[in-house]
Amino acid sequence: MYLDALEFLEEERDAFRPFEALADLDDGQLAVPVEAAHGWSGRQLMGHILAWQEVALSVATELAVNETSPAKAQADADWDTRGGEVVNAEIDAAWAALPMDELRDRFATIPGQLRGYLTVVPESRWLKHPDHQQFFHTETTGHYEDHLADLEAILAAAGR
């Protein structure tokens with residue numbers, strides 16, 4: 001699917017860029033549930049995207065020094081055993097408990113940290129490894145595409 005890491009990273013960066021507009025919303029705008037976004041608020045969307053980026057960051061950190069990732073195995077098993085609704089509900093609750101300043105700080109730093117770690121993971125462990133490549137695509141670019149309509153609805157509700 002990708003010829004080299006730079007191609008993946010550029011695609012991921014371009015796909016995430018529209019979500020950066022969430023950082024420009026004030027706390028009140030981020031708190032408003034938007035029916036057209038499945039009832040999610042901008043804050044919930046930020047937390048949801050970040051939660052899966054953090055999982056991907058944990059996996060990338062492990063793959064930088066190992067052939068396998070216990071974090072990936074655990075995330076896959078958790079999803080398969082308990083299901084997406086349960087896992088995502090727990091994610092939503094955990095991120096809702098964070099102070100807004102911490103959420104904003106993570107939103108400003110986690111995406112770049114993930115990209116940075118992926119630059120040091122040997123390509124054979126992620127880009128040339130079909131399962132790992134699919135994982136990183138699913139948790140980043142594919143995930144952003146899945147939530148683009150939610151983002152657009154949230155931004156529209158905020159007058160953006």
# chains A, B, ... in the order shown; residues from 1 in each chain; ligands from 1

$ select_by_dssp --residues "segment 27-140 of chain A" --states "helix (DSSP H, G or I)" --output "ChimeraX atom specification"
/A:27-31,35-37,42-63,70-82,84-96,100-120,123-125,130-139

$ residues_around --residues "Val87 of chain A" --least-positions-apart "4" --cutoff "12 Å" --atoms "only C-alpha atoms" --output "ChimeraX atom specification"
/A:48,51-52,75-83,91-94

$ write_last_selection --atoms "C-alpha atoms" --output "PDB file, in the first residue's frame"
ATOM      1  CA  HIS A  48     -11.808   9.552  21.031  1.00  0.00           C
ATOM      2  CA  ALA A  51      -7.247   7.671  22.758  1.00  0.00           C
ATOM      3  CA  TRP A  52      -6.599   5.592  19.655  1.00  0.00           C
ATOM      4  CA  ALA A  75      -5.800  -3.725  22.406  1.00  0.00           C
ATOM      5  CA  ASP A  76      -6.812  -6.323  19.816  1.00  0.00           C
ATOM      6  CA  ALA A  77      -7.839  -8.840  22.488  1.00  0.00           C
ATOM      7  CA  ASP A  78      -9.765  -6.200  24.434  1.00  0.00           C
ATOM      8  CA  TRP A  79     -11.669  -5.111  21.315  1.00  0.00           C
ATOM      9  CA  ASP A  80     -12.377  -8.703  20.278  1.00  0.00           C
ATOM     10  CA  THR A  81     -13.448  -9.815  23.754  1.00  0.00           C
ATOM     11  CA  ARG A  82     -15.452  -6.857  25.036  1.00  0.00           C
ATOM     12  CA  GLY A  83     -16.475  -5.168  21.804  1.00  0.00           C
ATOM     13  CA  ILE A  91     -12.569   5.738  26.535  1.00  0.00           C
ATOM     14  CA  ASP A  92     -15.262   8.414  26.502  1.00  0.00           C
ATOM     15  CA  ALA A  93     -15.599   8.308  30.299  1.00  0.00           C
ATOM     16  CA  ALA A  94     -11.846   8.410  30.884  1.00  0.00           C
TER      17      ALA A  94
END

$ closest_atom_pairs --of "segment 127-159 of chain A" --to "segment 105-123 of chain A" --cutoff "10 Å" --atoms "only C-alpha atoms" --output "CSV"
residue,atom,partner,partner_atom,distance
A:Leu127,CA,A:Glu123,CA,4.9
A:Lys128,CA,A:Glu123,CA,5.8
A:His129,CA,A:Glu123,CA,7.9
A:Gln133,CA,A:Glu123,CA,9.4
A:Phe136,CA,A:Leu118,CA,9.5
A:Thr140,CA,A:Pro111,CA,9.3

$ closest_residue --among "A:Arg17, A:Arg104, A:His137, A:His143" --to "Ile49 of chain A" --atoms "only C-alpha atoms"
A:His143

$ residues_around --residues "Met100 of chain A" --least-positions-apart "4" --cutoff "12 Å" --atoms "only C-alpha atoms" --output "number ranges by chain"
A: 23, 25-28, 30-31, 42-44, 46-47, 95-96, 104-107

$ closest_residue --among "A:Val34, A:Ala56, A:Ala149, A:Leu155" --to "Ala71 of chain A" --atoms "only C-alpha atoms"
A:Ala56

$ residues_around --residues "Ala157 of chain A" --least-positions-apart "5" --cutoff "10 Å" --atoms "only C-alpha atoms" --output "ChimeraX atom specification"
/A:29,32-37,41-42,151-152

$ write_last_selection --atoms "N, CA and C atoms" --output "CSV table (one decimal), in the first residue's frame"
chain,number,residue,atom,x,y,z
A,29,GLN,N,-17.8,25.8,23.2
A,29,GLN,CA,-18.1,25.2,21.9
A,29,GLN,C,-17.7,23.7,21.9
A,32,VAL,N,-20.5,21.3,23.5
A,32,VAL,CA,-21.9,21.2,23.0
A,32,VAL,C,-22.1,19.9,22.2
A,33,PRO,N,-23.0,19.0,22.7
A,33,PRO,CA,-23.3,17.8,21.9
A,33,PRO,C,-23.9,18.2,20.6
A,34,VAL,N,-23.6,17.5,19.5
A,34,VAL,CA,-24.1,17.8,18.2
A,34,VAL,C,-24.8,16.6,17.7
A,35,GLU,N,-26.1,16.7,17.5
A,35,GLU,CA,-26.9,15.6,17.0
A,35,GLU,C,-26.4,15.0,15.7
A,36,ALA,N,-25.9,15.8,14.8
A,36,ALA,CA,-25.4,15.3,13.5
A,36,ALA,C,-24.1,14.6,13.6
A,37,ALA,N,-23.5,14.7,14.8
A,37,ALA,CA,-22.2,14.0,15.1
A,37,ALA,C,-22.5,12.8,16.1
A,41,SER,N,-19.8,15.7,21.4
A,41,SER,CA,-19.3,17.0,21.4
A,41,SER,C,-17.9,17.1,20.8
A,42,GLY,N,-17.4,18.2,20.5
A,42,GLY,CA,-16.0,18.4,20.0
A,42,GLY,C,-15.0,17.8,21.0
A,151,LEU,N,-16.7,15.5,12.6
A,151,LEU,CA,-15.9,16.8,12.7
A,151,LEU,C,-16.6,17.9,12.0
A,152,GLU,N,-17.0,17.7,10.8
A,152,GLU,CA,-17.7,18.7,10.0
A,152,GLU,C,-18.9,19.2,10.7

$ decode --residues "segment 59-157 of chain A" --atoms "C-alpha atoms" --output "tab-separated table (two decimals), in the first residue's frame"
chain	number	residue	atom	x	y	z
A	59	VAL	CA	2.53	0.19	19.81
A	60	ALA	CA	5.05	2.31	17.89
A	61	THR	CA	7.16	2.74	21.04
A	62	GLU	CA	7.29	-1.03	21.50
A	63	LEU	CA	7.96	-1.76	17.83
A	64	ALA	CA	10.87	0.68	17.86
A	65	VAL	CA	12.77	-1.80	20.02
A	66	ASN	CA	10.97	-5.14	19.52
A	67	GLU	CA	9.52	-7.24	16.74
A	68	THR	CA	6.16	-7.48	18.48
A	69	SER	CA	3.93	-5.23	20.55
A	70	PRO	CA	2.19	-6.40	23.71
A	71	ALA	CA	0.12	-3.18	23.60
A	72	LYS	CA	-1.25	-4.12	20.19
A	73	ALA	CA	-2.01	-7.66	21.30
A	74	GLN	CA	-3.81	-6.33	24.39
A	75	ALA	CA	-5.80	-3.73	22.41
A	76	ASP	CA	-6.81	-6.32	19.82
A	77	ALA	CA	-7.84	-8.84	22.49
A	78	ASP	CA	-9.76	-6.20	24.43
A	79	TRP	CA	-11.67	-5.11	21.32
A	80	ASP	CA	-12.38	-8.70	20.28
A	81	THR	CA	-13.45	-9.82	23.75
A	82	ARG	CA	-15.45	-6.86	25.04
A	83	GLY	CA	-16.47	-5.17	21.80
A	84	GLY	CA	-16.15	-1.68	20.44
A	85	GLU	CA	-19.13	-0.17	22.22
A	86	VAL	CA	-17.81	-1.10	25.66
A	87	VAL	CA	-14.23	-0.10	24.89
A	88	ASN	CA	-15.27	3.22	23.35
A	89	ALA	CA	-17.65	3.99	26.25
A	90	GLU	CA	-14.77	3.52	28.69
A	91	ILE	CA	-12.57	5.74	26.54
A	92	ASP	CA	-15.26	8.41	26.50
A	93	ALA	CA	-15.60	8.31	30.30
A	94	ALA	CA	-11.85	8.41	30.88
A	95	TRP	CA	-11.28	11.36	28.58
A	96	ALA	CA	-14.31	13.24	29.95
A	97	ALA	CA	-12.65	13.14	33.37
A	98	LEU	CA	-9.55	14.98	32.16
A	99	PRO	CA	-9.25	18.71	32.74
A	100	MET	CA	-9.72	20.66	29.51
A	101	ASP	CA	-6.17	22.03	29.66
A	102	GLU	CA	-4.75	18.51	29.76
A	103	LEU	CA	-6.98	17.43	26.86
A	104	ARG	CA	-5.82	20.43	24.82
A	105	ASP	CA	-2.18	19.74	25.69
A	106	ARG	CA	-2.43	16.12	24.59
A	107	PHE	CA	-4.28	17.14	21.43
A	108	ALA	CA	-1.36	19.45	20.62
A	109	THR	CA	1.37	16.88	21.35
A	110	ILE	CA	0.25	13.25	20.89
A	111	PRO	CA	-0.18	13.35	17.09
A	112	GLY	CA	3.36	14.68	16.63
A	113	GLN	CA	4.78	12.19	19.11
A	114	LEU	CA	3.16	9.35	17.20
A	115	ARG	CA	4.61	10.58	13.90
A	116	GLY	CA	8.01	10.98	15.55
A	117	TYR	CA	8.04	7.46	16.92
A	118	LEU	CA	6.97	6.02	13.59
A	119	THR	CA	10.07	7.55	12.03
A	120	VAL	CA	12.30	5.41	14.26
A	121	VAL	CA	10.38	2.14	13.96
A	122	PRO	CA	12.13	-0.01	11.36
A	123	GLU	CA	9.90	-0.16	8.29
A	124	SER	CA	10.04	-3.96	8.42
A	125	ARG	CA	8.13	-3.82	11.72
A	126	TRP	CA	5.28	-1.61	10.58
A	127	LEU	CA	5.21	-0.46	6.99
A	128	LYS	CA	6.32	-3.78	5.48
A	129	HIS	CA	4.44	-5.83	8.09
A	130	PRO	CA	0.86	-6.22	6.77
A	131	ASP	CA	-0.86	-6.57	10.15
A	132	HIS	CA	1.01	-3.68	11.74
A	133	GLN	CA	0.58	-1.47	8.68
A	134	GLN	CA	-3.17	-2.14	8.74
A	135	PHE	CA	-3.25	-1.37	12.47
A	136	PHE	CA	-1.54	2.01	12.06
A	137	HIS	CA	-3.73	2.92	9.10
A	138	THR	CA	-6.88	1.92	11.00
A	139	GLU	CA	-5.93	3.90	14.12
A	140	THR	CA	-4.90	7.02	12.19
A	141	THR	CA	-5.91	7.83	8.62
A	142	GLY	CA	-8.76	5.34	8.45
A	143	HIS	CA	-10.06	6.49	11.83
A	144	TYR	CA	-9.94	10.14	10.79
A	145	GLU	CA	-11.89	9.31	7.64
A	146	ASP	CA	-14.50	7.48	9.75
A	147	HIS	CA	-15.05	10.63	11.84
A	148	LEU	CA	-14.71	13.36	9.22
A	149	ALA	CA	-18.49	13.87	8.99
A	150	ASP	CA	-18.63	14.16	12.80
A	151	LEU	CA	-15.89	16.78	12.69
A	152	GLU	CA	-17.67	18.74	9.97
A	153	ALA	CA	-20.94	18.68	11.94
A	154	ILE	CA	-19.23	19.85	15.13
A	155	LEU	CA	-17.43	22.67	13.35
A	156	ALA	CA	-20.63	23.72	11.57
A	157	ALA	CA	-22.52	23.79	14.89
